[in-house]
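To keep things clear, I will list the structure first and then write my remarks on it.
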Amino acid sequence: MDKFVEKPFLPSGKVSMAIVDSRMGDGQKRQLKANSIDLIEVGPCYDLYEAISCHPDIQCHPLGGNRIVIAPNASQSLKDHLIHQKFELVVGNTTLEGNYPNNIAYNVARIGDVAFHNTACTDPVLKHELIKQGVKLVHVNQGYTKCSVAIVSERALVTADKGIAAAARDNGLDALLIRPGFISLKGLSYGFIGGTCGLTGPDEITFIGDITKHPDFSLISRFVIKHGKRIVFLEGAELSDFGSMIPVKEAM
């Protein structure tokens with residue numbers, strides 16, 4: 001038996017279902033499935049550029065429970081899979097388009113009761129839902145905010161973005177600032193740390209690719225341990241940005 005994850009991105013039990021980029025490696029998908037995690041694979045939104053066209057954190061944003069905000073032009077297969085899994089789709093107002101900043105409306109980094117985003121670009125439906133839940137929406141200049149933030153706990157994050165790190169600390173969060181780069185994102189020079197990972201349990205963060213090869217791995221490892229988590233990583237030579245793994249169901 002499983003249940004919906006109540007706190008977005010923050011499972012309280014072992015994750016049993018996650019939303020992932022359909023282009024993840026077959027071996028990586030097998031590893032997740034072998035760990036009893038069912039996958040909702042995101043197909044392409046053809047209005048986006050290819051590198052991010054299947055990224056979960058670009059096309060949708062979980063609200064907790066079975067509710068999820070989704071772009072009107074999100075992948076039809078994503079919509080169909082979510083409906084099949086009994087999710088309630090809350091359709092946003094913002095149609096995703098090509099390049100920045102027309103593709104970031106749903107890419108909000110929510111950590112418990114605080115969320116970080118370039119608020120000039122946040123989808124109004126998502127903004128309304130967050131405010132209704134009592135979430136404090138903090139403006140930062142970075143628009144690819146969820147891409148840029150690895151959520152470690154309700155009070156801790158890892159990022160290479162100085163503005164996000166400063167805003168997080170100003171709001172009482174523990175933020176580890178790492179150096180940018182050293183993350184693969186096909187078609188671009190590099191990807192972001194938030195896009196490489198997701199929590200797969202209350203005490204476990206899983207990375208896509210070999211996190212040990214990141215030059216700041218020792219810092220990341222100590223930070224994760226400090227916040228009561230352990231690191232798991234999926235096979236693959238390179239740490240890769242696949243637009244986050246979004247946990248949506250967990251074991252009861």
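Going by the structure tokens order, chains are called A, B, ..., each with residues numbered from 1, while ligands are numbered from 1 in the order shown.
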
Mind dumping a table of every segment 11-101 of chain A residue within 6 Å of segment 246-252 of chain A, with the nearest atom pair and its distance in Å to one decimal, using only C-alpha atoms, sorted by chain and rising number, as JSON lines?
{"residue": "A:Gly13", "atom": "CA", "partner": "A:Glu250", "partner_atom": "CA", "distance": 5.5}
{"residue": "A:Lys14", "atom": "CA", "partner": "A:Glu250", "partner_atom": "CA", "distance": 5.3}
{"residue": "A:Val15", "atom": "CA", "partner": "A:Glu250", "partner_atom": "CA", "distance": 4.1}
{"residue": "A:Ser16", "atom": "CA", "partner": "A:Glu250", "partner_atom": "CA", "distance": 4.6}
{"residue": "A:Met17", "atom": "CA", "partner": "A:Lys249", "partner_atom": "CA", "distance": 4.9}
{"residue": "A:Ala18", "atom": "CA", "partner": "A:Pro247", "partner_atom": "CA", "distance": 4.3}
{"residue": "A:Ile19", "atom": "CA", "partner": "A:Ile246", "partner_atom": "CA", "distance": 5.0}

Give me every strand (DSSP E) residue in segment 25-117 of chain A, going by DSSP on the backbone, as an MDAnalysis selection string. chainID A and resid 38:42 60:64 67:70 88:91 109:111 114:117

Those in segment 137-179 of chain A with alpha helix (DSSP H) from DSSP, as a list in words: Thr145, Lys146, Cys147, Ser148, Lys162, Gly163, Ile164, Ala165, Ala166, Ala167, Ala168, Arg169 and Asp170 of chain A

Could you tell me how far atom CA of Asp38 of chain A sits from atom CA of Gly209 of chain A, in Å to one decimal place?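 Result for atom CA of Gly209 of chain A versus atom CA of Asp38 of chain A: 18.9 Å, one decimal.
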
Record the distance separating atom CA of Gly243 of chain A and atom CA of Gln31 of chain A, expressed in Å with one decimal.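 Separation of atom CA of Gly243 of chain A and atom CA of Gln31 of chain A: 18.0 Å.
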
Rounded to one decimal place, report the atom CA of Asp216 of chain A-atom CA of Asp21 of chain A distance in Å. 25.1 Å

Please provide as a PDB file with N, CA and C atoms, in the first residue's frame all residues within 7 Å of segment 192-207 of chain A, with the sequence filter that same-chain residues fewer than 3 positions apart are discarded (counting only C-alpha atoms).
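Result went into out.pdb, see below:
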ATOM      1  N   PHE A   9       8.150  17.371  -2.376  1.00  0.00           N
ATOM      2  CA  PHE A   9       9.587  17.092  -2.448  1.00  0.00           C
ATOM      3  C   PHE A   9      10.148  16.475  -1.163  1.00  0.00           C
ATOM      4  N   LEU A  10       9.314  16.303  -0.103  1.00  0.00           N
ATOM      5  CA  LEU A  10       9.796  15.878   1.208  1.00  0.00           C
ATOM      6  C   LEU A  10       9.032  14.638   1.691  1.00  0.00           C
ATOM      7  N   PRO A  11       9.373  13.473   1.170  1.00  0.00           N
ATOM      8  CA  PRO A  11       8.652  12.269   1.582  1.00  0.00           C
ATOM      9  C   PRO A  11       8.900  11.941   3.054  1.00  0.00           C
ATOM     10  N   SER A  12       7.870  11.403   3.704  1.00  0.00           N
ATOM     11  CA  SER A  12       8.013  10.978   5.095  1.00  0.00           C
ATOM     12  C   SER A  12       8.244   9.475   5.196  1.00  0.00           C
ATOM     13  N   GLY A  13       8.078   8.769   4.080  1.00  0.00           N
ATOM     14  CA  GLY A  13       8.316   7.329   4.033  1.00  0.00           C
ATOM     15  C   GLY A  13       9.125   6.980   2.800  1.00  0.00           C
ATOM     16  N   LYS A  14       9.375   5.689   2.620  1.00  0.00           N
ATOM     17  CA  LYS A  14      10.125   5.244   1.444  1.00  0.00           C
ATOM     18  C   LYS A  14       9.322   5.554   0.182  1.00  0.00           C
ATOM     19  N   VAL A  15       9.955   6.215  -0.768  1.00  0.00           N
ATOM     20  CA  VAL A  15       9.263   6.625  -1.996  1.00  0.00           C
ATOM     21  C   VAL A  15       8.899   5.401  -2.832  1.00  0.00           C
ATOM     22  N   LYS A 146      14.175  25.627  -9.045  1.00  0.00           N
ATOM     23  CA  LYS A 146      14.172  24.218  -8.624  1.00  0.00           C
ATOM     24  C   LYS A 146      15.348  23.485  -9.255  1.00  0.00           C
ATOM     25  N   CYS A 147      15.655  23.784 -10.501  1.00  0.00           N
ATOM     26  CA  CYS A 147      16.837  23.179 -11.136  1.00  0.00           C
ATOM     27  C   CYS A 147      18.091  23.438 -10.305  1.00  0.00           C
ATOM     28  N   SER A 148      18.134  24.605  -9.683  1.00  0.00           N
ATOM     29  CA  SER A 148      19.348  25.066  -8.997  1.00  0.00           C
ATOM     30  C   SER A 148      19.439  24.605  -7.552  1.00  0.00           C
ATOM     31  N   VAL A 149      18.395  23.963  -7.032  1.00  0.00           N
ATOM     32  CA  VAL A 149      18.337  23.637  -5.606  1.00  0.00           C
ATOM     33  C   VAL A 149      18.175  22.128  -5.401  1.00  0.00           C
ATOM     34  N   ALA A 150      19.140  21.529  -4.706  1.00  0.00           N
ATOM     35  CA  ALA A 150      19.003  20.155  -4.237  1.00  0.00           C
ATOM     36  C   ALA A 150      18.425  20.220  -2.830  1.00  0.00           C
ATOM     37  N   THR A 159      23.128  24.397  -3.332  1.00  0.00           N
ATOM     38  CA  THR A 159      22.981  25.163  -4.569  1.00  0.00           C
ATOM     39  C   THR A 159      24.328  25.752  -4.986  1.00  0.00           C
ATOM     40  N   ILE A 183      28.405  19.200 -14.058  1.00  0.00           N
ATOM     41  CA  ILE A 183      27.164  18.434 -14.167  1.00  0.00           C
ATOM     42  C   ILE A 183      26.758  18.397 -15.634  1.00  0.00           C
ATOM     43  N   ILE A 211      27.940  11.069  -8.174  1.00  0.00           N
ATOM     44  CA  ILE A 211      28.132  12.293  -7.397  1.00  0.00           C
ATOM     45  C   ILE A 211      29.532  12.344  -6.775  1.00  0.00           C
ATOM     46  N   GLY A 228      21.115  14.338   8.494  1.00  0.00           N
ATOM     47  CA  GLY A 228      20.469  13.053   8.756  1.00  0.00           C
ATOM     48  C   GLY A 228      20.116  12.233   7.540  1.00  0.00           C
ATOM     49  N   LYS A 229      20.809  12.472   6.439  1.00  0.00           N
ATOM     50  CA  LYS A 229      20.524  11.738   5.208  1.00  0.00           C
ATOM     51  C   LYS A 229      21.741  10.924   4.776  1.00  0.00           C
ATOM     52  N   ARG A 230      21.490   9.974   3.887  1.00  0.00           N
ATOM     53  CA  ARG A 230      22.586   9.266   3.234  1.00  0.00           C
ATOM     54  C   ARG A 230      22.455   9.453   1.731  1.00  0.00           C
ATOM     55  N   ILE A 231      23.575   9.314   1.041  1.00  0.00           N
ATOM     56  CA  ILE A 231      23.603   9.504  -0.413  1.00  0.00           C
ATOM     57  C   ILE A 231      23.545   8.161  -1.113  1.00  0.00           C
ATOM     58  N   VAL A 232      22.677   8.087  -2.120  1.00  0.00           N
ATOM     59  CA  VAL A 232      22.614   6.963  -3.055  1.00  0.00           C
ATOM     60  C   VAL A 232      22.831   7.555  -4.431  1.00  0.00           C
ATOM     61  N   PHE A 233      23.525   6.842  -5.323  1.00  0.00           N
ATOM     62  CA  PHE A 233      23.572   7.367  -6.689  1.00  0.00           C
ATOM     63  C   PHE A 233      23.341   6.261  -7.707  1.00  0.00           C
ATOM     64  N   LEU A 234      22.704   6.640  -8.800  1.00  0.00           N
ATOM     65  CA  LEU A 234      22.370   5.719  -9.876  1.00  0.00           C
ATOM     66  C   LEU A 234      23.556   5.584 -10.816  1.00  0.00           C
ATOM     67  N   LEU A 239      27.545  12.828 -13.390  1.00  0.00           N
ATOM     68  CA  LEU A 239      26.401  13.388 -12.679  1.00  0.00           C
ATOM     69  C   LEU A 239      25.595  14.193 -13.699  1.00  0.00           C
ATOM     70  N   SER A 240      24.297  13.914 -13.820  1.00  0.00           N
ATOM     71  CA  SER A 240      23.509  14.466 -14.922  1.00  0.00           C
ATOM     72  C   SER A 240      22.241  15.155 -14.444  1.00  0.00           C
ATOM     73  N   ASP A 241      21.930  16.264 -15.098  1.00  0.00           N
ATOM     74  CA  ASP A 241      20.732  17.052 -14.804  1.00  0.00           C
ATOM     75  C   ASP A 241      19.585  16.539 -15.666  1.00  0.00           C
ATOM     76  N   PHE A 242      18.607  15.907 -15.009  1.00  0.00           N
ATOM     77  CA  PHE A 242      17.402  15.426 -15.687  1.00  0.00           C
ATOM     78  C   PHE A 242      16.154  16.107 -15.140  1.00  0.00           C
ATOM     79  N   GLY A 243      16.309  17.321 -14.625  1.00  0.00           N
ATOM     80  CA  GLY A 243      15.132  18.072 -14.198  1.00  0.00           C
ATOM     81  C   GLY A 243      14.471  17.544 -12.946  1.00  0.00           C
ATOM     82  N   SER A 244      15.282  17.034 -12.021  1.00  0.00           N
ATOM     83  CA  SER A 244      14.817  16.538 -10.718  1.00  0.00           C
ATOM     84  C   SER A 244      14.122  15.188 -10.827  1.00  0.00           C
ATOM     85  N   MET A 245      14.153  14.455  -9.737  1.00  0.00           N
ATOM     86  CA  MET A 245      13.250  13.322  -9.521  1.00  0.00           C
ATOM     87  C   MET A 245      12.244  13.798  -8.486  1.00  0.00           C
ATOM     88  N   ILE A 246      10.990  13.843  -8.858  1.00  0.00           N
ATOM     89  CA  ILE A 246       9.964  14.385  -7.960  1.00  0.00           C
ATOM     90  C   ILE A 246       9.215  13.241  -7.278  1.00  0.00           C
ATOM     91  N   PRO A 247       9.396  13.061  -5.963  1.00  0.00           N
ATOM     92  CA  PRO A 247       8.678  11.985  -5.272  1.00  0.00           C
ATOM     93  C   PRO A 247       7.207  12.348  -5.089  1.00  0.00           C
TER      94      PRO A 247
END

Set the distance at 10 Å and use only C-alpha atoms: which residues neighbour segment 165-172 of chain A once local chain neighbours fewer than 4 positions away are removed? I'd like the list as JSON, numbers by chain. {"A": [111, 114, 115, 116, 136, 138, 139, 140, 149, 155, 156, 157, 158, 159, 160, 161, 176, 177, 178]}

Lys132 of chain A: which residues within 12 Å, counting only C-alpha atoms, same-chain residues fewer than 5 positions away excluded, as a PyMOL selection string? chain A and resi 63+113+125-127+137

Selection from above, C-alpha atoms, as a short mmCIF file (atom, residue, chain, number, x, y, z; two decimals), in the first residue's frame, can you write it?
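Generated output (again-v3.cif):
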data_model
loop_
_atom_site.label_atom_id
_atom_site.label_comp_id
_atom_site.auth_asym_id
_atom_site.auth_seq_id
_atom_site.Cartn_x
_atom_site.Cartn_y
_atom_site.Cartn_z
CA LEU A 63 1.23 20.86 -4.26
CA ASP A 113 6.80 26.57 4.03
CA VAL A 125 -2.22 29.74 -10.49
CA LEU A 126 0.81 28.21 -8.77
CA LYS A 127 1.44 31.45 -6.88
CA LEU A 137 7.28 33.07 -1.73
#

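Distances from A:Leu130, A:Ile151, A:Ile104, A:Val69 to Gly92 of chain A were compared using only C-alpha atoms, and the smallest one belongs to A:Val69.
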
Leaving out Leu78 of chain A and any residue of its chain fewer than 5 positions from it, which residues lie within 8 Å of it when counting only C-alpha atoms, given as an mmCIF file with N, CA and C atoms, in the first residue's frame?
data_model
loop_
_atom_site.group_PDB
_atom_site.id
_atom_site.type_symbol
_atom_site.label_atom_id
_atom_site.label_comp_id
_atom_site.auth_asym_id
_atom_site.auth_seq_id
_atom_site.Cartn_x
_atom_site.Cartn_y
_atom_site.Cartn_z
ATOM 1 N N ILE A 40 6.801 7.626 -13.239
ATOM 2 C CA ILE A 40 5.995 8.349 -14.227
ATOM 3 C C ILE A 40 7.002 9.083 -15.103
ATOM 4 N N GLU A 41 7.121 8.652 -16.342
ATOM 5 C CA GLU A 41 8.146 9.187 -17.233
ATOM 6 C C GLU A 41 7.580 10.354 -18.051
ATOM 7 N N VAL A 42 8.277 11.478 -18.004
ATOM 8 C CA VAL A 42 7.810 12.697 -18.671
ATOM 9 C C VAL A 42 8.295 12.710 -20.114
ATOM 10 N N GLY A 43 7.328 12.773 -21.037
ATOM 11 C CA GLY A 43 7.656 12.913 -22.443
ATOM 12 C C GLY A 43 7.888 14.379 -22.790
#

Name all residues at most 10 Å from Leu188 of chain A (count only C-alpha atoms; drop same-chain ones fewer than 4 positions away) and give them as JSON, numbers by chain. {"A": [50, 51, 52, 184]}

Using only C-alpha atoms: which of A:Pro124, A:Gly112, A:Pro180, A:Pro215 has the shortest distance to Val152 of chain A: A:Gly112
